[in-house]
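coords-v2.txt (compact mmCIF, C-alpha atoms (C1' of nucleotides)) appears below.
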# COMPACT_ATOMS: atom_id res chain seq x y z
CA MET M 137 15.53 -0.12 39.49
CA ALA M 138 18.27 0.75 37.06
CA ALA M 139 17.33 1.52 33.44
CA PRO M 140 18.32 -1.45 31.29
CA ASP M 141 21.33 -0.98 29.06
CA LEU M 142 20.08 -0.47 25.51
CA THR M 143 23.35 0.27 23.76
CA LEU M 144 24.09 -1.41 20.47
CA PRO M 145 27.21 -3.56 20.15
CA ASP M 146 30.24 -1.31 20.04
CA SER M 147 31.93 -3.57 17.49
CA LEU M 148 29.11 -2.83 15.05
CA LEU M 149 28.70 0.86 15.87
CA ARG M 150 32.26 1.34 14.68
CA LEU M 151 31.17 0.39 11.16
CA PRO M 152 29.76 3.33 9.19
CA SER M 153 27.64 0.92 7.16
CA PHE M 154 25.97 -0.35 10.32
CA VAL M 155 25.17 3.16 11.52
CA MET M 156 23.80 3.90 8.05
CA PHE M 157 21.62 0.86 8.41
CA GLN M 158 20.26 2.10 11.72
CA LEU M 159 19.55 5.49 10.18
CA LEU M 160 17.65 3.83 7.36
CA ARG M 161 15.39 2.30 9.96
CA GLU M 162 14.82 5.82 11.30
CA THR M 163 13.70 6.99 7.88
CA ARG M 164 10.86 4.46 7.99
CA ARG M 165 9.63 5.80 11.31
CA LEU M 166 9.94 9.40 10.15
CA THR M 167 8.16 8.73 6.86
CA ALA M 168 5.38 6.96 8.73
CA GLN M 169 4.93 10.11 10.81
CA LEU M 170 4.88 12.45 7.84
CA GLY M 171 2.54 10.27 5.78
CA ASP M 172 3.38 8.82 2.40
CA GLU M 173 0.00 9.33 0.71
CA GLY M 174 -0.02 5.66 -0.12
CA LEU M 175 3.12 5.98 -2.23
CA ARG M 176 6.14 4.09 -1.07
CA LEU M 177 9.70 4.90 -2.11
CA PRO M 178 9.62 2.74 -5.27
CA HIS M 179 6.47 4.53 -6.44
CA LEU M 180 8.13 7.88 -5.81
CA THR M 181 11.27 6.96 -7.71
CA ILE M 182 9.14 5.92 -10.68
CA LEU M 183 7.20 9.18 -10.61
CA CYS M 184 10.41 11.22 -10.40
CA CYS M 185 12.02 9.16 -13.14
CA LEU M 186 9.15 9.72 -15.57
CA ALA M 187 8.89 13.40 -14.65
CA GLU M 188 12.55 13.93 -15.47
CA ALA M 189 13.01 11.60 -18.42
CA GLY M 190 9.59 11.54 -20.06
CA PRO M 191 7.71 8.40 -21.12
CA LEU M 192 9.77 5.20 -20.89
CA ALA M 193 9.35 1.51 -21.60
CA GLN M 194 9.12 -0.66 -18.50
CA LYS M 195 12.47 -2.19 -19.34
CA ASP M 196 14.09 1.24 -19.21
CA ILE M 197 12.46 2.20 -15.92
CA SER M 198 13.63 -1.11 -14.57
CA ALA M 199 17.20 -0.58 -15.73
CA ARG M 200 17.45 2.97 -14.45
CA LEU M 201 15.99 2.36 -11.02
CA ARG M 202 17.23 -1.20 -10.50
CA ILE M 203 13.67 -2.29 -9.91
CA ASP M 204 13.14 -5.88 -10.92
CA PRO M 205 10.93 -6.04 -14.05
CA SER M 206 8.58 -8.49 -12.39
CA ASP M 207 8.14 -6.20 -9.37
CA LEU M 208 7.58 -3.21 -11.61
CA VAL M 209 4.36 -4.78 -12.88
CA ALA M 210 2.56 -4.43 -9.55
CA LEU M 211 3.99 -0.96 -8.91
CA LEU M 212 2.71 0.30 -12.26
CA ASP M 213 -0.61 -1.40 -11.59
CA ASP M 214 -0.82 0.74 -8.44
CA LEU M 215 0.01 3.92 -10.32
CA GLU M 216 -2.45 3.16 -13.11
CA ARG M 217 -5.23 2.23 -10.72
CA THR M 218 -4.87 5.57 -8.94
CA GLY M 219 -4.64 7.49 -12.19
CA LEU M 220 -1.03 8.66 -11.80
CA ALA M 221 0.43 6.92 -14.85
CA ASN M 222 -0.67 4.85 -17.80
CA ARG M 223 0.72 2.20 -20.09
CA GLN M 224 0.31 2.12 -23.85
CA ARG M 225 1.83 -0.19 -26.46
CA ASP M 226 4.79 1.31 -28.27
CA ALA M 227 3.58 1.57 -31.88
CA THR M 228 7.09 1.10 -33.27
CA ASP M 229 7.84 -1.99 -31.16
CA ARG M 230 4.74 -3.63 -29.91
CA ARG M 231 6.62 -5.70 -27.36
CA ARG M 232 7.13 -2.54 -25.32
CA HIS M 233 4.73 -0.69 -23.08
CA LEU M 234 5.42 3.02 -22.91
CA VAL M 235 4.65 4.39 -19.47
CA SER M 236 3.62 8.04 -19.15
CA LEU M 237 2.77 10.29 -16.24
CA THR M 238 -0.66 11.83 -16.04
CA GLU M 239 -1.06 15.40 -14.85
CA ALA M 240 -2.24 14.01 -11.52
CA GLY M 241 0.87 11.84 -11.41
CA ARG M 242 3.09 14.85 -11.93
CA GLU M 243 1.34 16.78 -9.18
CA VAL M 244 1.19 13.94 -6.66
CA GLY M 245 4.83 13.16 -7.40
CA ARG M 246 5.77 16.73 -6.51
CA ARG M 247 3.90 16.52 -3.23
CA ARG M 248 5.34 13.14 -2.32
CA LEU M 249 8.83 14.40 -3.15
CA ALA M 250 8.27 17.35 -0.83
CA THR M 251 7.44 14.86 1.92
CA ALA M 252 10.64 12.94 1.18
CA ARG M 253 12.55 16.22 1.51
CA ARG M 254 10.92 16.98 4.82
CA MET M 255 11.83 13.49 6.01
CA ASP M 256 15.43 14.04 4.93
CA ASP M 257 15.48 17.40 6.72
CA ALA M 258 14.10 15.81 9.87
CA LEU M 259 16.65 13.02 9.73
CA PHE M 260 19.65 15.31 9.37
CA GLU M 261 18.27 18.07 11.56
CA PRO M 262 21.22 17.90 13.99
CA LEU M 263 23.68 18.71 11.20
CA THR M 264 24.47 22.19 9.92
CA ALA M 265 23.92 22.97 6.26
CA HIS M 266 27.65 22.70 5.70
CA GLU M 267 27.86 19.34 7.42
CA ARG M 268 24.97 18.03 5.35
CA GLU M 269 26.81 19.12 2.24
CA GLN M 270 29.91 17.32 3.47
CA LEU M 271 27.96 14.18 4.23
CA HIS M 272 26.16 14.26 0.91
CA HIS M 273 29.42 14.67 -0.94
CA LEU M 274 31.07 11.76 0.84
CA LEU M 275 28.07 9.54 0.16
CA MET M 276 27.97 10.53 -3.51
CA ARG M 277 31.66 9.84 -3.98
CA THR M 278 31.25 6.45 -2.39
CA TYR M 279 28.23 5.60 -4.49
CA ALA M 280 29.87 6.86 -7.68
CA HIS M 281 32.64 4.35 -7.15
CA HIS M 282 30.27 1.39 -7.13
CA ASP M 283 27.59 2.45 -9.59
CA PRO M 284 28.91 5.31 -11.77
CA ASP M 285 26.38 4.75 -14.54
CA ARG M 286 23.55 5.79 -12.27
CA LEU M 287 24.96 9.26 -11.67
CA PRO M 288 24.90 12.18 -14.09
CA ALA M 289 28.24 12.84 -15.76
CA GLY M 290 29.13 15.68 -13.41
CA TYR M 291 29.34 13.41 -10.40
CA ARG M 292 31.39 10.55 -11.81
CA MET X 232 23.48 2.67 -30.84
CA ALA X 233 23.78 5.04 -27.93
CA ALA X 234 24.04 3.61 -24.43
CA PRO X 235 20.74 4.11 -22.62
CA ASP X 236 20.64 6.75 -19.93
CA LEU X 237 20.77 4.98 -16.57
CA THR X 238 20.98 7.98 -14.28
CA LEU X 239 18.80 8.11 -11.21
CA PRO X 240 16.39 11.02 -10.77
CA ASP X 241 18.35 14.12 -9.86
CA SER X 242 15.64 15.27 -7.47
CA LEU X 243 16.23 12.14 -5.39
CA LEU X 244 20.02 12.07 -5.69
CA ARG X 245 20.05 15.42 -3.92
CA LEU X 246 18.70 13.76 -0.79
CA PRO X 247 21.43 12.21 1.37
CA SER X 248 18.92 9.69 2.67
CA PHE X 249 18.24 8.47 -0.86
CA VAL X 250 21.95 8.05 -1.58
CA MET X 251 22.28 6.20 1.70
CA PHE X 252 19.50 3.94 0.58
CA GLN X 253 21.30 3.17 -2.67
CA LEU X 254 24.48 2.43 -0.71
CA LEU X 255 22.59 0.02 1.48
CA ARG X 256 21.66 -1.89 -1.63
CA GLU X 257 25.38 -2.03 -2.46
CA THR X 258 26.11 -3.57 0.92
CA ARG X 259 23.86 -6.50 0.02
CA ARG X 260 25.73 -7.14 -3.19
CA LEU X 261 29.11 -6.82 -1.47
CA THR X 262 28.12 -9.10 1.39
CA ALA X 263 26.84 -11.66 -1.09
CA GLN X 264 30.28 -11.63 -2.74
CA LEU X 265 32.18 -12.00 0.52
CA GLY X 266 29.92 -14.73 1.86
CA ASP X 267 27.99 -14.50 5.09
CA GLU X 268 28.52 -18.07 6.30
CA GLY X 269 24.77 -18.45 6.56
CA LEU X 270 24.54 -15.66 9.12
CA ARG X 271 22.61 -12.57 8.09
CA LEU X 272 22.98 -9.20 9.76
CA PRO X 273 20.39 -9.86 12.47
CA HIS X 274 22.21 -13.05 13.48
CA LEU X 275 25.47 -11.13 13.63
CA THR X 276 24.03 -8.35 15.79
CA ILE X 277 22.74 -10.97 18.22
CA LEU X 278 26.12 -12.70 18.40
CA CYS X 279 27.89 -9.38 18.97
CA CYS X 280 25.34 -8.32 21.55
CA LEU X 281 25.77 -11.49 23.60
CA ALA X 282 29.53 -11.40 23.24
CA GLU X 283 29.67 -7.90 24.65
CA ALA X 284 26.89 -8.00 27.24
CA GLY X 285 26.86 -11.64 28.36
CA PRO X 286 23.73 -13.82 28.63
CA LEU X 287 20.47 -11.93 28.19
CA ALA X 288 16.76 -12.65 28.24
CA GLN X 289 15.10 -12.54 24.82
CA LYS X 290 13.21 -9.43 25.89
CA ASP X 291 16.47 -7.62 26.53
CA ILE X 292 18.05 -8.67 23.23
CA SER X 293 14.89 -7.51 21.54
CA ALA X 294 14.96 -4.13 23.28
CA ARG X 295 18.64 -3.50 22.62
CA LEU X 296 18.66 -4.45 18.97
CA ARG X 297 15.13 -3.33 18.09
CA ILE X 298 14.39 -6.82 16.83
CA ASP X 299 10.75 -7.69 17.18
CA PRO X 300 10.32 -10.36 19.89
CA SER X 301 8.34 -12.57 17.54
CA ASP X 302 11.07 -12.39 14.89
CA LEU X 303 13.72 -13.12 17.47
CA VAL X 304 12.25 -16.58 17.99
CA ALA X 305 13.23 -17.85 14.54
CA LEU X 306 16.64 -16.14 14.67
CA LEU X 307 17.47 -17.86 17.96
CA ASP X 308 16.15 -21.14 16.59
CA ASP X 309 18.75 -20.74 13.81
CA LEU X 310 21.54 -20.02 16.27
CA GLU X 311 20.57 -22.91 18.54
CA ARG X 312 20.21 -25.36 15.68
CA THR X 313 23.75 -24.55 14.50
CA GLY X 314 25.13 -24.70 18.02
CA LEU X 315 26.06 -21.03 18.33
CA ALA X 316 23.79 -20.13 21.24
CA ASN X 317 21.41 -21.78 23.66
CA ARG X 318 18.32 -20.90 25.67
CA GLN X 319 17.70 -21.86 29.27
CA ARG X 320 14.92 -20.89 31.64
CA ASP X 321 15.88 -18.17 34.08
CA ALA X 322 15.65 -19.92 37.47
CA THR X 323 14.69 -16.70 39.24
CA ASP X 324 11.93 -15.77 36.77
CA ARG X 325 10.74 -18.74 34.83
CA ARG X 326 8.97 -16.58 32.24
CA ARG X 327 12.35 -15.61 30.87
CA HIS X 328 14.73 -17.54 28.65
CA LEU X 329 18.33 -16.64 29.20
CA VAL X 330 20.28 -16.80 25.95
CA SER X 331 24.00 -17.57 26.06
CA LEU X 332 26.72 -17.85 23.48
CA THR X 333 28.53 -21.12 23.04
CA GLU X 334 32.27 -21.15 22.39
CA ALA X 335 31.48 -21.87 18.73
CA GLY X 336 29.12 -18.89 18.73
CA ARG X 337 31.85 -16.63 20.03
CA GLU X 338 34.28 -17.84 17.40
CA VAL X 339 31.87 -17.78 14.46
CA GLY X 340 30.70 -14.32 15.56
CA ARG X 341 34.28 -13.07 15.40
CA ARG X 342 34.70 -14.43 11.88
CA ARG X 343 31.38 -13.07 10.66
CA LEU X 344 32.24 -9.67 12.17
CA ALA X 345 35.51 -9.72 10.26
CA THR X 346 33.52 -10.25 7.07
CA ALA X 347 31.28 -7.31 7.95
CA ARG X 348 34.41 -5.19 8.41
CA ARG X 349 35.75 -6.26 5.03
CA MET X 350 32.42 -5.37 3.48
CA ASP X 351 32.53 -1.96 5.13
CA ASP X 352 36.09 -1.45 3.90
CA ALA X 353 35.09 -2.41 0.37
CA LEU X 354 32.11 -0.07 0.45
CA PHE X 355 34.09 2.96 1.59
CA GLU X 356 37.21 2.08 -0.31
CA PRO X 357 37.16 5.35 -2.31
CA LEU X 358 37.37 7.41 0.89
CA THR X 359 40.56 8.19 2.77
CA ALA X 360 40.86 7.12 6.40
CA HIS X 361 40.22 10.70 7.44
CA GLU X 362 37.13 10.97 5.27
CA ARG X 363 35.76 7.73 6.67
CA GLU X 364 36.26 9.15 10.14
CA GLN X 365 34.40 12.29 9.13
CA LEU X 366 31.58 10.30 7.62
CA HIS X 367 31.32 8.03 10.62
CA HIS X 368 31.21 11.00 12.97
CA LEU X 369 28.47 12.73 11.00
CA LEU X 370 26.41 9.55 10.91
CA MET X 371 26.87 8.94 14.62
CA ARG X 372 25.84 12.47 15.53
CA THR X 373 22.75 12.12 13.38
CA TYR X 374 21.85 8.77 14.87
CA ALA X 375 22.52 9.98 18.41
CA HIS X 376 19.90 12.66 17.92
CA HIS X 377 17.17 10.15 17.10
CA ASP X 378 18.07 7.20 19.29
CA PRO X 379 20.48 8.34 22.03
CA ASP X 380 19.73 5.38 24.31
CA ARG X 381 21.27 2.98 21.83
CA LEU X 382 24.69 4.67 21.99
CA PRO X 383 27.22 4.39 24.81
CA ALA X 384 27.37 7.47 27.03
CA GLY X 385 30.45 8.89 25.29
CA TYR X 386 28.63 9.41 22.03
CA ARG X 387 25.43 11.07 23.22
C1' DC R 111 14.06 -19.69 -35.47
C1' DA R 112 16.24 -16.99 -31.24
C1' DA R 113 15.87 -12.75 -28.60
C1' DA R 114 13.35 -9.02 -26.21
C1' DT R 115 9.54 -7.44 -23.32
C1' DT R 116 5.93 -7.93 -20.12
C1' DT R 117 3.52 -10.81 -16.91
C1' DC R 118 2.69 -14.41 -13.51
C1' DA R 119 3.75 -17.88 -9.85
C1' DG R 120 6.41 -18.50 -6.16
C1' DG R 121 10.48 -18.22 -3.03
C1' DC R 122 13.17 -15.73 0.80
C1' DC R 123 13.88 -12.23 4.26
C1' DA R 124 12.74 -8.05 7.20
C1' DA R 125 9.17 -5.84 9.65
C1' DC R 126 4.93 -5.87 11.76
C1' DT R 127 0.12 -7.34 14.15
C1' DG R 128 -2.68 -10.20 17.03
C1' DA R 129 -3.30 -13.77 19.90
C1' DA R 130 -2.13 -18.12 22.58
C1' DA R 131 0.56 -20.31 26.45
C1' DT R 132 3.20 -20.00 30.57
C1' DT R 133 4.64 -17.75 34.62
C1' DT R 134 4.80 -13.95 38.06
C1' DC F 88 -6.66 -11.44 38.74
C1' DA F 89 -3.54 -8.41 35.41
C1' DA F 90 1.08 -8.09 33.52
C1' DA F 91 5.35 -9.97 31.49
C1' DT F 92 7.62 -13.18 28.39
C1' DT F 93 7.94 -16.31 24.72
C1' DT F 94 5.81 -18.40 20.78
C1' DC F 95 2.86 -19.00 16.73
C1' DA F 96 -0.01 -17.65 12.68
C1' DG F 97 -0.47 -14.52 9.23
C1' DT F 98 0.41 -10.01 6.30
C1' DT F 99 3.17 -6.87 3.64
C1' DG F 100 7.04 -5.16 0.98
C1' DG F 101 11.65 -5.68 -1.34
C1' DC F 102 14.36 -8.74 -3.91
C1' DC F 103 15.04 -12.73 -6.53
C1' DT F 104 14.27 -17.05 -10.02
C1' DG F 105 11.86 -19.43 -13.58
C1' DA F 106 8.70 -19.70 -16.95
C1' DA F 107 4.67 -18.30 -19.99
C1' DA F 108 2.81 -15.14 -23.69
C1' DT F 109 3.49 -11.83 -27.21
C1' DT F 110 6.21 -9.60 -30.56
C1' DT F 111 10.42 -8.66 -33.27

I need this file expressed as structure tokens, please.
Amino acid sequence: MAAPDLTLPDSLLRLPSFVMFQLLRETRRLTAQLGDEGLRLPHLTILCCLAEAGPLAQKDISARLRIDPSDLVALLDDLERTGLANRQRDATDRRRHLVSLTEAGREVGRRRLATARRMDDALFEPLTAHEREQLHHLLMRTYAHHDPDRLPAGYR
Amino acid sequence: MAAPDLTLPDSLLRLPSFVMFQLLRETRRLTAQLGDEGLRLPHLTILCCLAEAGPLAQKDISARLRIDPSDLVALLDDLERTGLANRQRDATDRRRHLVSLTEAGREVGRRRLATARRMDDALFEPLTAHEREQLHHLLMRTYAHHDPDRLPAGYR
DNA sequence: CAAATTTCAGGCCAACTGAAATTT
DNA sequence: CAAATTTCAGTTGGCCTGAAATTT
């Protein structure tokens, strides 16, 4: 019995965006193997954002990370419930909630980021360091073209 | 008033997989602009798959495209309802439903593929043809490492 | 008053699990 | 009978809309 043909449509494989899409599906499998400590990518981006920028209002987190404000509510609920962040009214504008990292949040964020790095390493394992650099640069240039505001000045 | 800082966390931007993820979000916005004629990416992959491989049982579509069999049901319902594909019992194994493209399905698939190509072009517009080739090659090599069965023999 | 911020209710789609129904 | 295939019911997460509540 012949092995069934499992190849993806050639017409789609020719599109870099389609191959990227398939690779994104790989990242889910790899992350599942490595363990995410209960923190999904949105949680991680929030932790990293607060670690790098300091306390922020929800609106600002939302704008930076392109997380919908209404979705942010549940994500911050998760982080508060597990003691990684907390909300407090902004005294100078009581409409705003300032979100801060706890020490635990800082530490767990570091560990979860290390897992994300290991996942990235596993994904691009077949590439040499130089090739990864090349790839990263091409991706950054492409992204910079569509969303320059989200990159630090050096990249634009 | 200073413009608010919208930059993404640097720690994450250093990961190619994270940048890829951001680019995938761009593809949604671009596709929305170009119009998908009611056919999302899974529908398109099915149309391309049938166009290139001929009639297949649902199990085989599922295995090739990594679409969950239970999700495939609704997708094929969509394609049948709009007259792009049809199911018929396999006479030699009545457990199987053979799925075939209609002429309309072939034609609409071609058009929707053209839209996907335009989206891909728009996404990688800042890159030269040579750079796109480079990028595509790096992505394919990476993908081949994780899922070689889904690539034609030449790529593995 | 209008505008900004957070929150809630609910929709859609992608991905998955578990089980029923039919057939081999 | 067990196994394969399709289908259905239900869950979760990411992304979105619309509207309520509070505050400026």

Requested in this report: Taking only C-alpha atoms (C1' of nucleotides) into account, report as a PyMOL selection string which residues of chain X lie within 9 Å of chain F.
Outcome: chain X and resi 289-290+300-301+304+326-328

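CA of Thr346 in chain X lies 10.2 Å from CA of Leu261 in chain X.
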
Requested in this report: Kindly give the distance, in Å, that separates CA of Leu144 in chain M and CA of Gln158 in chain M, rounded to a single decimal.
Outcome: 10.2 Å

Query raised in the report: From the set M:Asp207, M:Asp214, M:Glu243, M:Glu188, which residue has the shortest atom-to-atom contact distance to chain X, counting all atoms listed in the file?
Result: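 Among the listed residues, M:Glu188 lies closest to chain X.
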
Between chain R and chain X, at 10 Å or less, what are the per-residue closest atom pairs and their distances in Å? Count all atoms listed in the file, order by chain and rising residue number, and return it as JSON lines.
{"residue": "R:DC123", "atom": "C1'", "partner": "X:Arg271", "partner_atom": "CA", "distance": 9.5}
{"residue": "R:DA124", "atom": "C1'", "partner": "X:Asp302", "partner_atom": "CA", "distance": 9.0}
{"residue": "R:DA125", "atom": "C1'", "partner": "X:Asp299", "partner_atom": "CA", "distance": 7.9}
{"residue": "R:DC126", "atom": "C1'", "partner": "X:Asp299", "partner_atom": "CA", "distance": 8.2}
{"residue": "R:DT132", "atom": "C1'", "partner": "X:Arg326", "partner_atom": "CA", "distance": 6.9}
{"residue": "R:DT133", "atom": "C1'", "partner": "X:Arg326", "partner_atom": "CA", "distance": 5.1}
{"residue": "R:DT134", "atom": "C1'", "partner": "X:Asp324", "partner_atom": "CA", "distance": 7.5}

Requested in this report: Give me, please, the distance in Å between CA of Arg372 in chain X and CA of Arg165 in chain M, quoted to one decimal.
Outcome: 18.0 Å

Output chain X as a compact mmCIF listing (two decimals) with C-alpha atoms, in the coordinates of the input, after least-squares fitting it to chain M on all in-order C-alpha pairs.
# COMPACT_ATOMS: atom_id res chain seq x y z
CA MET X 232 15.56 -0.18 39.49
CA ALA X 233 18.29 0.69 37.05
CA ALA X 234 17.36 1.41 33.44
CA PRO X 235 18.36 -1.53 31.27
CA ASP X 236 21.36 -1.07 29.03
CA LEU X 237 20.08 -0.52 25.49
CA THR X 238 23.35 0.21 23.74
CA LEU X 239 24.08 -1.46 20.45
CA PRO X 240 27.20 -3.61 20.11
CA ASP X 241 30.24 -1.36 19.98
CA SER X 242 31.93 -3.60 17.42
CA LEU X 243 29.09 -2.87 15.00
CA LEU X 244 28.68 0.82 15.83
CA ARG X 245 32.24 1.31 14.61
CA LEU X 246 31.15 0.37 11.10
CA PRO X 247 29.72 3.31 9.15
CA SER X 248 27.61 0.90 7.13
CA PHE X 249 25.96 -0.39 10.30
CA VAL X 250 25.15 3.14 11.48
CA MET X 251 23.77 3.87 8.04
CA PHE X 252 21.59 0.83 8.39
CA GLN X 253 20.23 2.06 11.71
CA LEU X 254 19.53 5.46 10.14
CA LEU X 255 17.61 3.80 7.36
CA ARG X 256 15.36 2.30 9.97
CA GLU X 257 14.81 5.83 11.30
CA THR X 258 13.72 6.99 7.87
CA ARG X 259 10.87 4.47 7.97
CA ARG X 260 9.64 5.78 11.29
CA LEU X 261 9.94 9.40 10.14
CA THR X 262 8.17 8.74 6.86
CA ALA X 263 5.39 6.95 8.71
CA GLN X 264 4.92 10.09 10.82
CA LEU X 265 4.87 12.45 7.85
CA GLY X 266 2.54 10.28 5.80
CA ASP X 267 3.38 8.89 2.40
CA GLU X 268 -0.01 9.40 0.75
CA GLY X 269 -0.06 5.72 -0.11
CA LEU X 270 3.08 6.04 -2.22
CA ARG X 271 6.13 4.15 -1.02
CA LEU X 272 9.66 4.96 -2.09
CA PRO X 273 9.60 2.79 -5.21
CA HIS X 274 6.45 4.56 -6.42
CA LEU X 275 8.12 7.91 -5.80
CA THR X 276 11.28 6.98 -7.70
CA ILE X 277 9.14 5.94 -10.66
CA LEU X 278 7.20 9.20 -10.61
CA CYS X 279 10.42 11.22 -10.41
CA CYS X 280 12.03 9.16 -13.14
CA LEU X 281 9.16 9.73 -15.56
CA ALA X 282 8.90 13.39 -14.65
CA GLU X 283 12.55 13.94 -15.48
CA ALA X 284 13.03 11.59 -18.43
CA GLY X 285 9.60 11.53 -20.08
CA PRO X 286 7.73 8.37 -21.13
CA LEU X 287 9.79 5.19 -20.88
CA ALA X 288 9.37 1.50 -21.58
CA GLN X 289 9.12 -0.67 -18.46
CA LYS X 290 12.49 -2.19 -19.31
CA ASP X 291 14.11 1.22 -19.18
CA ILE X 292 12.48 2.21 -15.89
CA SER X 293 13.63 -1.10 -14.52
CA ALA X 294 17.21 -0.58 -15.69
CA ARG X 295 17.45 2.98 -14.42
CA LEU X 296 15.99 2.39 -10.99
CA ARG X 297 17.25 -1.17 -10.47
CA ILE X 298 13.68 -2.29 -9.88
CA ASP X 299 13.16 -5.87 -10.88
CA PRO X 300 10.94 -6.02 -14.00
CA SER X 301 8.58 -8.46 -12.33
CA ASP X 302 8.17 -6.17 -9.31
CA LEU X 303 7.61 -3.20 -11.56
CA VAL X 304 4.38 -4.76 -12.81
CA ALA X 305 2.56 -4.39 -9.49
CA LEU X 306 4.00 -0.92 -8.86
CA LEU X 307 2.71 0.32 -12.22
CA ASP X 308 -0.62 -1.38 -11.57
CA ASP X 309 -0.82 0.78 -8.42
CA LEU X 310 0.02 3.95 -10.31
CA GLU X 311 -2.43 3.19 -13.11
CA ARG X 312 -5.23 2.25 -10.74
CA THR X 313 -4.87 5.61 -8.95
CA GLY X 314 -4.62 7.51 -12.21
CA LEU X 315 -1.03 8.67 -11.82
CA ALA X 316 0.45 6.93 -14.86
CA ASN X 317 -0.65 4.87 -17.82
CA ARG X 318 0.74 2.18 -20.10
CA GLN X 319 0.35 2.08 -23.85
CA ARG X 320 1.86 -0.25 -26.43
CA ASP X 321 4.82 1.23 -28.26
CA ALA X 322 3.59 1.43 -31.87
CA THR X 323 7.10 0.93 -33.25
CA ASP X 324 7.88 -2.12 -31.10
CA ARG X 325 4.76 -3.76 -29.82
CA ARG X 326 6.66 -5.78 -27.22
CA ARG X 327 7.16 -2.61 -25.24
CA HIS X 328 4.76 -0.71 -23.02
CA LEU X 329 5.45 2.97 -22.90
CA VAL X 330 4.68 4.39 -19.46
CA SER X 331 3.64 8.03 -19.15
CA LEU X 332 2.79 10.30 -16.27
CA THR X 333 -0.64 11.83 -16.08
CA GLU X 334 -1.05 15.42 -14.91
CA ALA X 335 -2.22 14.04 -11.55
CA GLY X 336 0.90 11.87 -11.44
CA ARG X 337 3.11 14.89 -11.97
CA GLU X 338 1.35 16.81 -9.23
CA VAL X 339 1.18 13.98 -6.70
CA GLY X 340 4.84 13.19 -7.42
CA ARG X 341 5.77 16.77 -6.55
CA ARG X 342 3.90 16.56 -3.26
CA ARG X 343 5.32 13.17 -2.34
CA LEU X 344 8.82 14.44 -3.17
CA ALA X 345 8.25 17.37 -0.84
CA THR X 346 7.43 14.88 1.91
CA ALA X 347 10.63 12.97 1.17
CA ARG X 348 12.54 16.25 1.50
CA ARG X 349 10.90 16.98 4.84
CA MET X 350 11.82 13.51 6.01
CA ASP X 351 15.41 14.06 4.93
CA ASP X 352 15.46 17.41 6.72
CA ALA X 353 14.09 15.82 9.88
CA LEU X 354 16.64 13.03 9.73
CA PHE X 355 19.64 15.32 9.36
CA GLU X 356 18.26 18.06 11.54
CA PRO X 357 21.21 17.88 13.99
CA LEU X 358 23.68 18.69 11.20
CA THR X 359 24.47 22.17 9.95
CA ALA X 360 23.91 22.97 6.28
CA HIS X 361 27.64 22.70 5.71
CA GLU X 362 27.83 19.33 7.43
CA ARG X 363 24.94 18.02 5.37
CA GLU X 364 26.80 19.13 2.26
CA GLN X 365 29.90 17.31 3.46
CA LEU X 366 27.93 14.18 4.22
CA HIS X 367 26.14 14.27 0.91
CA HIS X 368 29.42 14.69 -0.95
CA LEU X 369 31.05 11.77 0.84
CA LEU X 370 28.06 9.55 0.14
CA MET X 371 27.95 10.55 -3.51
CA ARG X 372 31.65 9.87 -4.01
CA THR X 373 31.23 6.47 -2.41
CA TYR X 374 28.21 5.62 -4.51
CA ALA X 375 29.86 6.90 -7.69
CA HIS X 376 32.63 4.39 -7.18
CA HIS X 377 30.25 1.43 -7.16
CA ASP X 378 27.58 2.49 -9.62
CA PRO X 379 28.91 5.36 -11.77
CA ASP X 380 26.37 4.81 -14.56
CA ARG X 381 23.53 5.81 -12.28
CA LEU X 382 24.96 9.30 -11.68
CA PRO X 383 24.89 12.22 -14.11
CA ALA X 384 28.23 12.88 -15.79
CA GLY X 385 29.15 15.73 -13.43
CA TYR X 386 29.34 13.46 -10.43
CA ARG X 387 31.39 10.58 -11.80

How big is the axis-aligned box, and where does its centre sit, when it encloses all atoms of range 92-105 of chain F listed in the file and has 4 Å added on every side, reported in Å to one decimal as lines of an AutoDock Vina configuration file?
center_x = 7.3
center_y = -12.3
center_z = 7.4
size_x = 23.5
size_y = 22.3
size_z = 50.0

Requested in this report: Name all residues at most 9 Å from Leu243 in chain X (count all atoms listed in the file; drop same-chain ones fewer than 6 positions away) and give them as an MDAnalysis selection string.
Outcome: (chainID M and resid 181 184 249 252:253) or (chainID X and resid 249:250)

Requested in this report: Name the closest residue to chain X among the candidates M:Leu180, M:Ala139, M:Leu212, M:Leu287; distances are taken between atoms, counting all atoms listed in the file.
Outcome: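 Distance minimum relative to chain X lands on M:Leu287.
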
Query raised in the report: In terms of the shortest atom-to-atom distance over only C-alpha atoms, which of M:Asp226, M:Ala265, M:Ile197, M:Ala168 is closest to chain X?
Result: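 Checking each candidate against chain X, we get M:Ile197 as the closest.
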
Requested in this report: Please work out which residues fall within 12 Å of (-7.0, 7.6, -8.6), coordinates as given in the file, with all atoms listed in the file counting, and return them as a PyMOL selection string.
Outcome: chain M and resi 173-174+213-222+238-241+244

Query - Residues near Ala189 in chain M, cut-off 12 Å, all atoms listed in the file, skip fewer than 4 positions along chain, as a ChimeraX atom specification - result: /M:181-185,193,196-197,200,235-237 /X:235-242
